[in-house]
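Worksheet: one structure, shown below.
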Amino acid sequence: MKSVFDSVPSDFRLLAILVTILGIAALVNWVVMAIINRVESSKLATASVDKTALNFAKRLISVVIYGVGIGACLTRIPELDIVGHSLLTGAGILTLVGGLASQQVLGNIVSGFMIVFFRPFRIGDRITVSGNYTGTVEDITLRETILRDAENNRIIIPNSQISSEVVVNANHTDSKICKIIEVGVGYSSNLEQAMAIMQDAIVKHPLIIDPRTAEQIRDDAPVVPVRVTALGDSSITLRAWAWADSSANGFVLQCDSYANVKRRFDEAGIEIPFPQRTISFAEGARLQTVIDDSDERQTR
């Protein structure tokens with residue numbers, strides 16, 4: 001006895017089976033992601049789970065679930081039955097990996113694994129890549145790492161490229177940052193007074209932190225040391241080292257300190273000179289210049 005399903009054309013039956021398999025894969029992926037998100041949002045997991053690794057794992061799980069679903073669909077198509085079974089067997093997966101080993105896509109995925117495993121940086125860290133790209137890590141996907149720069153632009157760098165470049169991480173193990181503040185003063189200025197004013201103007205900033213060790217505190221070392229670092233052509237260079245608890249606060253500290261030091265120097269009458277040049281003329285050349293100017297005035 002034939003069922004209603006048998007009366008349906010084979011092509012439609014195949015299409016219904018494929019849609020059902022893909023629907024099940026989508027449902028499984030939704031359920032798994034919902035469970036992971038609930039675990040992630042719990043207070044216990046938030047304190048113990050690395051967000052970078054968790055986001056990377058979620059994308060990888062989705063790829064595996066949909067890969068299995070696509071492989072199951074291929075097994076229902078007679079012409080692609082062999083390919084489908086290959087995707088669902090270990091040997092087929094190894095063969096597929098070997099075939100894609102030289103491809104850039106797989107290189108990015110493997111590099112992503114290395115980034116998540118060795119953790120040279122995490123989501124939320126501020127990094128500089130090859131001295132050219134600076135920003136906060138927003139996400140690490142299977143293919144790329146996404147940075148957000150100070151102008152809110154998104155910098156997208158392939159994982160294979162970023163894993164082979166030099167990365168400067170401002171938050172690796174320690175988020176504190178030291179900002180260097182340099183100001184030039186005139187040779188006629190009172191050097192001790194200028195150094196004291198510069199130190200006082202910076203140390204009073206609300207974002208300054210005390211980086212001194214117990215031994216340095218016992219030895220009465222200054223919170224903000226100020227040193228003479230150069231005797232330039234037009235000025236004496238004073239350099240101060242100021243610490244903040246993060247790179248963002250360090251930037252604000254540096255900008256405000258320049259303004260405060262300039263204001264305090266103006267009040268104390270301490271000059272911040274600009275480059276000057278003294279030009280000496282030979283006597284004949286100077287006389288010729290005066291004669292030329294005199295002739296020009298007579299002509300007018």
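As shown in the structure tokens, the chain order sets the letters A, B, ...; within each chain, residues go from 1, and ligands are also counted from 1 in the order they appear.
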
Within 8 Å of range 203-210 of chain A, counting only C-alpha atoms, which residues qualify if same-chain residues fewer than 2 places away don't, as a PDB file with N, CA and C atoms, in the first residue's frame?
```pdb
ATOM      1  N   GLN A 199      57.479  69.382  38.062  1.00  0.00           N
ATOM      2  CA  GLN A 199      57.148  68.225  38.895  1.00  0.00           C
ATOM      3  C   GLN A 199      55.855  68.446  39.666  1.00  0.00           C
ATOM      4  N   ASP A 200      55.670  69.628  40.222  1.00  0.00           N
ATOM      5  CA  ASP A 200      54.479  69.925  41.012  1.00  0.00           C
ATOM      6  C   ASP A 200      53.230  69.962  40.141  1.00  0.00           C
ATOM      7  N   ALA A 201      53.342  70.498  38.918  1.00  0.00           N
ATOM      8  CA  ALA A 201      52.185  70.596  38.025  1.00  0.00           C
ATOM      9  C   ALA A 201      51.695  69.209  37.601  1.00  0.00           C
ATOM     10  N   ARG A 212      56.095  53.872  42.751  1.00  0.00           N
ATOM     11  CA  ARG A 212      57.295  53.608  43.534  1.00  0.00           C
ATOM     12  C   ARG A 212      57.180  52.313  44.335  1.00  0.00           C
ATOM     13  N   VAL A 223      57.554  60.958  43.160  1.00  0.00           N
ATOM     14  CA  VAL A 223      56.528  60.249  42.387  1.00  0.00           C
ATOM     15  C   VAL A 223      56.722  60.518  40.900  1.00  0.00           C
ATOM     16  N   VAL A 224      57.073  61.767  40.579  1.00  0.00           N
ATOM     17  CA  VAL A 224      57.328  62.147  39.186  1.00  0.00           C
ATOM     18  C   VAL A 224      58.759  62.677  39.095  1.00  0.00           C
ATOM     19  N   ALA A 242      55.674  60.201  34.066  1.00  0.00           N
ATOM     20  CA  ALA A 242      54.412  60.185  34.819  1.00  0.00           C
ATOM     21  C   ALA A 242      53.669  58.892  34.515  1.00  0.00           C
ATOM     22  N   TRP A 243      53.134  58.260  35.558  1.00  0.00           N
ATOM     23  CA  TRP A 243      52.464  56.960  35.420  1.00  0.00           C
ATOM     24  C   TRP A 243      50.953  57.119  35.572  1.00  0.00           C
ATOM     25  N   ALA A 244      50.213  56.333  34.737  1.00  0.00           N
ATOM     26  CA  ALA A 244      48.759  56.257  34.832  1.00  0.00           C
ATOM     27  C   ALA A 244      48.350  54.786  34.833  1.00  0.00           C
ATOM     28  N   ASP A 245      47.098  54.516  35.210  1.00  0.00           N
ATOM     29  CA  ASP A 245      46.672  53.121  35.344  1.00  0.00           C
ATOM     30  C   ASP A 245      46.248  52.478  34.033  1.00  0.00           C
ATOM     31  N   ASN A 249      43.918  56.768  30.187  1.00  0.00           N
ATOM     32  CA  ASN A 249      44.173  57.785  31.210  1.00  0.00           C
ATOM     33  C   ASN A 249      45.561  58.404  31.036  1.00  0.00           C
ATOM     34  N   GLY A 250      46.501  57.606  30.547  1.00  0.00           N
ATOM     35  CA  GLY A 250      47.834  58.144  30.303  1.00  0.00           C
ATOM     36  C   GLY A 250      47.834  59.223  29.237  1.00  0.00           C
ATOM     37  N   LEU A 253      46.405  62.320  30.849  1.00  0.00           N
ATOM     38  CA  LEU A 253      47.412  62.846  31.769  1.00  0.00           C
ATOM     39  C   LEU A 253      48.491  63.608  31.015  1.00  0.00           C
ATOM     40  N   SER A 257      49.004  67.646  31.294  1.00  0.00           N
ATOM     41  CA  SER A 257      50.274  68.063  31.906  1.00  0.00           C
ATOM     42  C   SER A 257      50.988  69.101  31.059  1.00  0.00           C
TER      43      SER A 257
END
```

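Closest approach to Phe265 in chain A from the set A:Pro158, A:Gly124, A:Gly67, A:Gly184 is made by A:Gly184, with distances taken over only C-alpha atoms.
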
Checklist entry - Pick from A:Arg38, A:Ala72, A:Gly269, A:Tyr66: nearest to Ala26 in chain A, with only C-alpha atoms counted? => result A:Tyr66

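Our summary of the geometry notes that CA of Val28 in chain A is positioned 14.1 Å from CA of Leu60 in chain A.
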
Next on the checklist: Restricting the calculation to only C-alpha atoms: of A:Pro211, A:Ala170, A:Leu106, A:Phe113, which residue gets closest to Thr128 in chain A?
Outcome noted: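 Checking each candidate against Thr128 in chain A, we get A:Ala170 as the closest.
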
Exercise: Ile272 in chain A partners within 9 Å, only C-alpha atoms, chain neighbours under 3 positions left out, as a PDB file with C-alpha atoms, in the first residue's frame:
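As a result, out-v7.pdb now contains:
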```pdb
ATOM      1  CA  VAL A 183      59.502  70.588  27.784  1.00  0.00           C
ATOM      2  CA  GLY A 184      62.307  72.933  26.766  1.00  0.00           C
ATOM      3  CA  VAL A 185      63.285  75.984  28.835  1.00  0.00           C
ATOM      4  CA  GLY A 186      65.593  78.875  27.997  1.00  0.00           C
ATOM      5  CA  SER A 235      66.744  75.266  24.980  1.00  0.00           C
ATOM      6  CA  LYS A 262      52.847  75.835  30.135  1.00  0.00           C
ATOM      7  CA  PHE A 265      55.770  78.491  33.446  1.00  0.00           C
ATOM      8  CA  ASP A 266      53.989  81.596  32.141  1.00  0.00           C
TER       9      ASP A 266
END
```

Each range 201-241 of chain A residue no farther than 12 Å from range 189-193 of chain A, nearest pair in Å, only C-alpha atoms, as a tab-separated table:
```
residue	atom	partner	partner_atom	distance
A:Val226	CA	A:Glu192	CA	10.3
A:Arg227	CA	A:Glu192	CA	10.4
A:Val228	CA	A:Leu191	CA	9.1
A:Ser235	CA	A:Ser189	CA	9.7
A:Ile236	CA	A:Leu191	CA	8.7
A:Thr237	CA	A:Leu191	CA	10.3
A:Leu238	CA	A:Leu191	CA	9.2
```

Next on the checklist: Under the rule that only C-alpha atoms are counted, which of A:Thr229, A:Asn159, A:Ser164, A:Asn171 is the nearest residue to Val110 in chain A?
Outcome noted: A:Asn159

Checklist entry - What is the CA of Ile140 in chain A to CA of Val116 in chain A distance in Å? => result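 Taking CA of Ile140 in chain A and CA of Val116 in chain A, their separation equals 8.4 Å.
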